[in-house]
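For reference, structure-v9.cif is printed below; it contains mmCIF, C-alpha atoms and all ligand atoms.
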data_upload
loop_
_atom_site.label_atom_id
_atom_site.label_comp_id
_atom_site.auth_asym_id
_atom_site.auth_seq_id
_atom_site.Cartn_x
_atom_site.Cartn_y
_atom_site.Cartn_z
CA MET J 208 123.83 84.69 102.57
CA ILE J 209 123.04 85.42 98.94
CA GLY J 210 125.23 88.10 97.39
CA GLU J 211 128.43 87.85 99.44
CA ASN J 212 130.27 88.70 96.20
CA PHE J 213 128.16 91.82 95.73
CA LYS J 214 128.71 92.86 99.33
CA GLU J 215 132.46 92.53 98.92
CA LEU J 216 132.35 94.47 95.64
CA ILE J 217 130.39 97.45 97.01
CA ASN J 218 132.42 97.57 100.22
CA LYS J 219 135.69 97.58 98.26
CA THR J 220 134.45 100.34 95.98
CA ALA J 221 133.27 102.39 98.96
CA LYS J 222 136.68 102.12 100.59
CA ARG J 223 138.51 103.01 97.39
CA HIS J 224 136.34 106.10 96.84
CA ARG J 225 135.90 106.94 100.53
CA SER J 226 132.17 107.20 99.97
CA ARG J 227 128.98 105.60 101.24
CA VAL J 228 126.87 107.17 98.51
CA ILE J 229 124.80 105.26 95.97
CA LEU J 230 123.64 107.53 93.16
CA ALA J 231 119.99 107.00 92.17
CA LEU J 232 120.28 107.86 88.50
CA ASP J 233 116.63 108.64 87.77
CA LYS J 234 117.09 111.69 85.56
CA ILE J 235 114.86 111.38 82.51
CA ARG J 236 113.97 113.21 79.33
CA ILE J 237 111.19 112.25 76.95
CA ALA J 238 113.09 112.37 73.67
CA LYS J 239 111.06 113.02 70.52
CA THR J 240 113.82 112.33 68.01
CA LEU J 241 116.74 109.91 67.84
CA GLU J 242 119.08 112.84 68.06
CA GLU J 243 117.44 114.03 71.30
CA LYS J 244 117.67 110.52 72.70
CA GLU J 245 121.38 110.29 71.92
CA LYS J 246 121.93 113.69 73.55
CA TYR J 247 120.02 112.56 76.63
CA LYS J 248 122.03 109.32 76.88
CA GLN J 249 125.28 111.27 76.61
CA GLU J 250 124.12 113.58 79.42
CA ILE J 251 123.47 110.55 81.64
CA LEU J 252 126.85 109.01 80.78
CA ASP J 253 128.56 112.32 81.59
CA ILE J 254 126.87 112.42 85.03
CA ALA J 255 127.81 108.79 85.70
CA LYS J 256 131.41 109.42 84.71
CA GLU J 257 131.96 112.72 86.54
CA THR J 258 130.34 111.52 89.79
CA SER J 259 131.84 108.01 89.78
CA PRO J 260 135.01 108.84 91.80
CA TYR J 261 132.73 109.86 94.70
CA LEU J 262 130.32 106.92 94.63
CA ALA J 263 130.12 103.36 95.95
CA ALA J 264 127.53 102.28 93.36
CA ILE J 265 124.87 103.49 90.94
CA LYS J 266 121.20 102.54 91.27
CA ILE J 267 119.12 102.56 88.10
CA GLY J 268 115.41 101.85 87.85
CA TYR J 269 112.31 102.14 85.71
CA PRO J 270 112.70 105.87 84.88
CA LEU J 271 116.10 105.42 83.23
CA VAL J 272 115.47 102.02 81.62
CA LEU J 273 112.09 103.11 80.21
CA ALA J 274 113.62 106.31 78.87
CA THR J 275 116.42 104.35 77.17
CA ASP J 276 116.67 100.56 77.11
CA LEU J 277 118.16 97.82 79.26
CA SER J 278 121.36 97.57 77.20
CA PHE J 279 122.19 101.16 78.23
CA VAL J 280 123.14 99.69 81.62
CA THR J 281 126.32 98.29 80.04
CA GLU J 282 127.37 101.74 78.90
CA ILE J 283 126.79 103.19 82.38
CA LYS J 284 128.84 100.36 83.82
CA ILE J 285 131.72 100.94 81.42
CA VAL J 286 132.00 104.71 81.97
CA SER J 287 131.55 104.53 85.75
CA ASN J 288 133.30 101.24 86.57
CA LEU J 289 130.88 100.90 89.50
CA PRO J 290 128.57 98.17 90.81
CA ILE J 291 125.06 98.67 89.40
CA ILE J 292 121.90 98.06 91.42
CA GLY J 293 118.72 97.40 89.42
CA ASP J 294 115.79 98.93 91.28
CA PHE J 295 112.79 97.27 89.62
CA LYS J 296 111.00 96.69 92.95
CA ILE J 297 110.20 93.21 91.67
CA ALA J 298 106.81 92.11 93.05
CA ASP J 299 105.19 89.32 91.04
CA ILE J 300 104.68 85.55 91.04
CA GLY J 301 107.87 83.52 91.28
CA TYR J 302 108.05 82.69 87.57
CA THR J 303 107.71 86.31 86.43
CA ASN J 304 110.12 87.45 89.15
CA SER J 305 112.75 85.03 87.86
CA LEU J 306 112.31 86.37 84.29
CA ILE J 307 112.81 89.97 85.45
CA ALA J 308 115.85 89.01 87.54
CA GLU J 309 117.31 87.03 84.64
CA LEU J 310 117.02 89.98 82.28
CA ALA J 311 118.50 92.34 84.88
CA PHE J 312 121.50 90.12 85.66
CA SER J 313 122.06 89.36 81.94
CA SER J 314 122.40 93.09 81.29
CA GLY J 315 125.26 93.39 83.78
CA ILE J 316 123.27 94.48 86.83
CA ASP J 317 125.01 93.32 90.02
CA ALA J 318 122.09 93.39 92.47
CA VAL J 319 118.31 93.78 92.30
CA ILE J 320 115.72 95.31 94.63
CA ALA J 321 112.49 93.36 95.21
CA HIS J 322 109.39 93.50 97.40
CA GLY J 323 108.96 90.86 100.08
CA PHE J 324 105.22 91.40 100.64
CA VAL J 325 104.41 89.11 97.71
CA GLY J 326 105.66 86.18 99.78
CA LYS J 327 108.47 83.69 100.20
CA ASP J 328 108.12 81.73 96.93
CA SER J 329 108.34 84.97 94.94
CA VAL J 330 111.55 85.94 96.73
CA ASP J 331 112.95 82.39 96.44
CA ALA J 332 112.67 82.63 92.66
CA ILE J 333 114.84 85.75 92.60
CA ILE J 334 117.40 84.21 94.93
CA GLU J 335 117.65 81.10 92.74
CA THR J 336 118.26 83.32 89.72
CA ALA J 337 120.87 85.37 91.62
CA LYS J 338 122.71 82.11 92.43
CA LYS J 339 122.61 81.01 88.80
CA PHE J 340 124.35 84.25 87.82
CA GLY J 341 127.20 83.81 90.31
CA ASP J 342 126.02 85.16 93.65
CA LYS J 343 124.42 88.46 92.62
CA GLY J 344 122.88 90.74 95.28
CA VAL J 345 119.22 90.69 96.33
CA PHE J 346 117.68 93.48 98.45
CA LEU J 347 114.19 93.64 99.96
CA LEU J 348 112.12 96.59 101.17
CA PRO J 349 110.70 96.17 104.68
CA LEU J 350 109.71 99.85 104.86
CA MET J 351 109.81 102.74 102.41
CA SER J 352 110.70 106.41 102.84
CA HIS J 353 107.56 108.16 101.56
CA PRO J 354 104.56 109.20 103.73
CA GLY J 355 102.28 106.47 102.30
CA ALA J 356 104.56 103.74 103.66
CA LYS J 357 102.80 104.33 106.99
CA MET J 358 99.53 102.92 105.59
CA PHE J 359 100.38 99.28 104.85
CA MET J 360 104.11 98.75 105.19
CA LYS J 361 104.72 100.13 108.68
CA PRO J 362 102.26 97.76 110.42
CA LEU J 363 103.94 94.84 108.63
CA MET J 364 107.52 96.02 109.05
CA ARG J 365 108.50 93.37 111.59
CA GLU J 366 107.19 90.48 109.49
CA LEU J 367 108.84 91.91 106.38
CA VAL J 368 112.16 92.12 108.23
CA GLU J 369 111.72 88.53 109.40
CA LEU J 370 111.41 87.42 105.79
CA CYS J 371 114.70 89.22 105.02
CA ILE J 372 116.32 87.19 107.81
CA ILE J 373 114.77 83.86 106.75
CA GLU J 374 115.77 84.45 103.13
CA ASP J 375 119.24 85.62 104.19
CA VAL J 376 119.20 88.32 101.53
CA THR J 377 122.16 90.61 100.85
CA GLY J 378 120.42 93.48 102.57
CA VAL J 379 117.45 95.78 102.89
CA ILE J 380 116.34 99.25 101.84
CA ALA J 381 115.33 101.26 104.91
CA PRO J 382 114.21 104.90 105.14
CA ALA J 383 116.58 107.74 106.05
CA THR J 384 113.35 109.72 106.58
CA ARG J 385 112.36 107.48 109.56
CA LEU J 386 115.48 107.06 111.63
CA ASP J 387 113.79 105.31 114.56
CA ASP J 388 112.48 102.64 112.22
CA LEU J 389 115.84 102.34 110.48
CA LYS J 390 117.54 101.85 113.84
CA ARG J 391 114.96 99.20 114.78
CA ILE J 392 115.50 97.41 111.45
CA ARG J 393 119.25 97.30 112.15
CA GLU J 394 118.60 95.85 115.62
CA LEU J 395 116.31 93.18 114.14
CA ILE J 396 118.47 92.06 111.22
CA GLY J 397 121.84 92.19 113.00
CA GLU J 398 125.14 93.36 111.57
CA GLU J 399 125.72 91.12 108.54
CA GLN J 400 123.09 92.33 106.10
CA LEU J 401 123.55 95.67 104.36
CA ILE J 402 121.18 98.59 104.84
CA LEU J 403 120.81 101.04 101.94
CA ALA J 404 118.94 104.19 102.98
CA PRO J 405 117.10 106.51 100.56
CA GLY J 406 115.57 109.83 101.59
CA VAL J 407 118.63 112.09 101.89
CA GLY J 408 118.44 115.47 100.17
CA ALA J 409 115.22 115.91 98.15
CA GLN J 410 113.10 113.92 100.65
CA GLY J 411 114.49 115.92 103.56
CA ALA J 412 116.88 113.66 105.48
CA GLN J 413 120.32 114.98 106.40
CA PRO J 414 123.41 113.40 104.82
CA GLY J 415 125.13 111.00 107.21
CA SER J 416 122.07 110.70 109.47
CA ALA J 417 121.13 107.20 108.30
CA ILE J 418 124.74 105.98 108.50
CA LYS J 419 124.79 107.16 112.14
CA GLU J 420 121.78 104.93 112.88
CA GLY J 421 123.25 101.82 111.28
CA ALA J 422 122.86 102.13 107.51
CA ASN J 423 125.85 101.12 105.37
CA PHE J 424 125.00 103.35 102.41
CA GLU J 425 122.80 106.34 101.58
CA ILE J 426 120.94 106.36 98.26
CA ILE J 427 120.86 109.91 96.86
CA GLY J 428 119.27 110.98 93.57
CA ARG J 429 117.96 114.47 92.85
CA ALA J 430 120.33 116.26 95.24
CA ILE J 431 123.18 115.01 93.04
CA TYR J 432 121.93 114.71 89.45
CA ASN J 433 119.96 117.98 89.54
CA ALA J 434 122.81 119.93 91.14
CA GLU J 435 124.54 122.56 89.04
CA THR J 436 127.71 120.47 89.19
CA PRO J 437 126.80 116.85 89.99
CA SER J 438 130.43 115.89 90.71
CA LYS J 439 130.71 118.63 93.36
CA ALA J 440 127.47 117.48 94.99
CA ALA J 441 128.60 113.85 94.92
CA LYS J 442 131.91 114.84 96.52
CA PHE J 443 130.07 116.76 99.24
CA PHE J 444 127.84 113.77 100.08
CA ALA J 445 130.78 111.36 99.90
CA GLU J 446 132.60 113.36 102.57
CA LYS J 447 129.49 113.71 104.74
CA THR J 448 128.77 109.97 104.66
CA TRP J 449 132.37 108.83 105.06
CA ARG J 450 133.24 111.01 108.05
CA VAL J 451 130.37 109.73 110.25
P1 LIG D 1 115.85 111.01 95.61
O1 LIG D 1 117.14 111.23 96.41
O2 LIG D 1 115.85 111.79 94.32
O3 LIG D 1 114.64 111.19 96.44
O4 LIG D 1 115.87 109.46 95.12
C1 LIG D 1 115.67 108.39 95.98
C2 LIG D 1 115.69 107.10 95.20
O5 LIG D 1 115.45 106.01 96.09
C3 LIG D 1 114.65 106.97 94.10
O6 LIG D 1 115.19 106.17 93.07
C4 LIG D 1 113.50 106.23 94.78
O7 LIG D 1 112.73 105.49 93.85
C5 LIG D 1 114.29 105.29 95.70
N1 LIG D 1 113.57 104.85 96.93
C6 LIG D 1 113.06 105.78 97.81
O8 LIG D 1 113.16 106.99 97.64
N2 LIG D 1 112.42 105.31 98.96
C7 LIG D 1 112.28 104.00 99.24
O9 LIG D 1 111.74 103.66 100.26
C8 LIG D 1 112.80 103.06 98.34
C9 LIG D 1 113.46 103.50 97.19
O10 LIG D 1 113.98 102.64 96.35
#
Starting from the file, give its structure as structure tokens.
Amino acid sequence: MIGENFKELINKTAKRHRSRVILALDKIRIAKTLEEKEKYKQEILDIAKETSPYLAAIKIGYPLVLATDLSFVTEIKIVSNLPIIGDFKIADIGYTNSLIAELAFSSGIDAVIAHGFVGKDSVDAIIETAKKFGDKGVFLLPLMSHPGAKMFMKPLMRELVELCIIEDVTGVIAPATRLDDLKRIRELIGEEQLILAPGVGAQGAQPGSAIKEGANFEIIGRAIYNAETPSKAAKFFAEKTWRV
């Protein structure tokens, strides 16, 4: 399996913090001046730091990286001391995929999220890059959590899961908003690969519900970073996901 090191890292962190929560740090602000940008970055670092004792990892993606820059990842890593997942939903030809993965891993990102629907050679390119960087994590998306996932992804879910098995990726993203499908995905992929489940809080799923059906972690964004006290919210979700 690719990403055994990442799996060990996130599991150790989860145990230490008694939490199965991955914070989706998507909070953005369009800064008009350098001063505003610095203020925004400090706000993000404060959230990362205050929530970190209650998290297993932080997931960053296009919103945060486009609002700042890729090197900001290092600062988030330093203040939080957590594994960082780069959610760029990589979905291109193999060559371009390897460039994106290389940039992500070079910036200190420990695992990336990619689409499998582009085909095996595209995924292979990411896995090769993950190996080059010392067994980084690679996650694929066999089904998403939003309503539109029913259109094209749901009918292909089984084939997309099969690719995750063939590629022996670190794990998959599966929806907390569709627990029957999540359960089915767990049955199909077996016990080894990790399942990270978004959809808790803002998208309506209950905390702990995905863990009950076989997910290893729940990805939670708005319900934590938009809370009045993000650390309190993170603590609440940590307890809910750990006690299942
Ligand atoms: P929130 O809890 O604010 O809804 O955030 C969920 C996070 O998980 C977002 O970063 C979103 O892009 C991501 N996500 C998702 O919601 N559904 C999926 O199927 C896959 C995702 O990566």
key: Residues near stretch 221-223 of chain J, cut-off 12 Å, all atoms listed in the file, skip fewer than 5 positions along chain, as a PyMOL selection string   = chain J and resi 214-216+228-229+259-265+289-290+423-425+445-446+448-449
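If you look at atom CA of J:Pro270 and atom CA of J:Ile402, they are 22.9 Å away from each other.
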query = Residues at most 8 Å from stretch 355-372 of chain J, counting all atoms listed in the file, excluding those fewer than 5 positions away in the same chain, as a list of chain:residue names?
reply =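 After dropping sequence-adjacent residues, the list is J:Gly323, J:Phe324, J:Lys327, J:Leu347, J:Leu348, J:Pro349, J:Leu350, J:Gly378, J:Val379, J:Ile392, J:Leu395, J:Ile396.
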inquiry  = Need the shell around stretch 297-307 of chain J: protein/DNA/RNA residues with any atom at most 12 Å away, counting all atoms listed in the file. Skip same-chain ones fewer than 3 positions apart. Format as a count of residues only?
reply    = 38
inquiry  = Please determine, counting only C-alpha atoms and all ligand atoms, which residue among J:Lys296, J:Arg227, J:Lys239, J:Arg391 has the shortest atom-to-atom distance to ligand LIG 1 (chain D).
reply    =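 Answer, going by the shortest atom-to-atom distance: J:Lys296.
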ask   = For the atom pair atom CA of J:Gly428 and atom CA of J:Glu374, what is the interatomic distance in Å to one decimal place?
value =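 So the two atoms, atom CA of J:Gly428 and atom CA of J:Glu374, lie 28.4 Å apart.
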Please report, as JSON lines, each residue of chain J lying at most 8 Å from ligand LIG 1 (chain D), together with the nearest pair of atoms and the separation in Å rounded to one decimal; use only C-alpha atoms and all ligand atoms, and order rows by chain and ascending residue number.
{"residue": "J:Ala231", "atom": "CA", "partner": "D:LIG1", "partner_atom": "O6", "distance": 5.0}
{"residue": "J:Leu232", "atom": "CA", "partner": "D:LIG1", "partner_atom": "O6", "distance": 7.0}
{"residue": "J:Asp233", "atom": "CA", "partner": "D:LIG1", "partner_atom": "O6", "distance": 6.0}
{"residue": "J:Lys266", "atom": "CA", "partner": "D:LIG1", "partner_atom": "O6", "distance": 7.2}
{"residue": "J:Ile267", "atom": "CA", "partner": "D:LIG1", "partner_atom": "O6", "distance": 7.3}
{"residue": "J:Gly268", "atom": "CA", "partner": "D:LIG1", "partner_atom": "O6", "distance": 6.8}
{"residue": "J:Asp294", "atom": "CA", "partner": "D:LIG1", "partner_atom": "O10", "distance": 6.5}
{"residue": "J:Lys296", "atom": "CA", "partner": "D:LIG1", "partner_atom": "O10", "distance": 7.5}
{"residue": "J:Ile320", "atom": "CA", "partner": "D:LIG1", "partner_atom": "O10", "distance": 7.7}
{"residue": "J:Leu348", "atom": "CA", "partner": "D:LIG1", "partner_atom": "C8", "distance": 7.1}
{"residue": "J:Leu350", "atom": "CA", "partner": "D:LIG1", "partner_atom": "O9", "distance": 6.3}
{"residue": "J:Met351", "atom": "CA", "partner": "D:LIG1", "partner_atom": "O9", "distance": 3.0}
{"residue": "J:Ser352", "atom": "CA", "partner": "D:LIG1", "partner_atom": "O9", "distance": 3.9}
{"residue": "J:His353", "atom": "CA", "partner": "D:LIG1", "partner_atom": "N2", "distance": 6.2}
{"residue": "J:Ala356", "atom": "CA", "partner": "D:LIG1", "partner_atom": "O9", "distance": 7.9}
{"residue": "J:Ile380", "atom": "CA", "partner": "D:LIG1", "partner_atom": "C8", "distance": 6.3}
{"residue": "J:Ala381", "atom": "CA", "partner": "D:LIG1", "partner_atom": "O9", "distance": 6.3}
{"residue": "J:Pro382", "atom": "CA", "partner": "D:LIG1", "partner_atom": "O9", "distance": 5.6}
{"residue": "J:Ala404", "atom": "CA", "partner": "D:LIG1", "partner_atom": "C7", "distance": 7.6}
{"residue": "J:Pro405", "atom": "CA", "partner": "D:LIG1", "partner_atom": "O5", "distance": 4.8}
{"residue": "J:Gly406", "atom": "CA", "partner": "D:LIG1", "partner_atom": "O3", "distance": 5.4}
{"residue": "J:Val407", "atom": "CA", "partner": "D:LIG1", "partner_atom": "O1", "distance": 5.7}
{"residue": "J:Gly408", "atom": "CA", "partner": "D:LIG1", "partner_atom": "O1", "distance": 5.8}
{"residue": "J:Ala409", "atom": "CA", "partner": "D:LIG1", "partner_atom": "O3", "distance": 5.1}
{"residue": "J:Gln410", "atom": "CA", "partner": "D:LIG1", "partner_atom": "O3", "distance": 5.2}
{"residue": "J:Ile426", "atom": "CA", "partner": "D:LIG1", "partner_atom": "O5", "distance": 5.9}
{"residue": "J:Ile427", "atom": "CA", "partner": "D:LIG1", "partner_atom": "O1", "distance": 4.0}
{"residue": "J:Gly428", "atom": "CA", "partner": "D:LIG1", "partner_atom": "O1", "distance": 3.6}
{"residue": "J:Arg429", "atom": "CA", "partner": "D:LIG1", "partner_atom": "O2", "distance": 3.7}
{"residue": "J:Ala430", "atom": "CA", "partner": "D:LIG1", "partner_atom": "O1", "distance": 6.1}
{"residue": "J:Ile431", "atom": "CA", "partner": "D:LIG1", "partner_atom": "O1", "distance": 7.9}
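Closest approach to J:Ser278 among J:Lys419, J:Ile292, J:Gly315, J:Arg385 is made by J:Gly315 (distances from all atoms listed in the file).
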request  = Rounded to one decimal place, report the atom CA of J:Glu420-atom CA of J:Lys390 distance in Å.
outcome  =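 Going from atom CA of J:Glu420 over to atom CA of J:Lys390, I get 5.3 Å.
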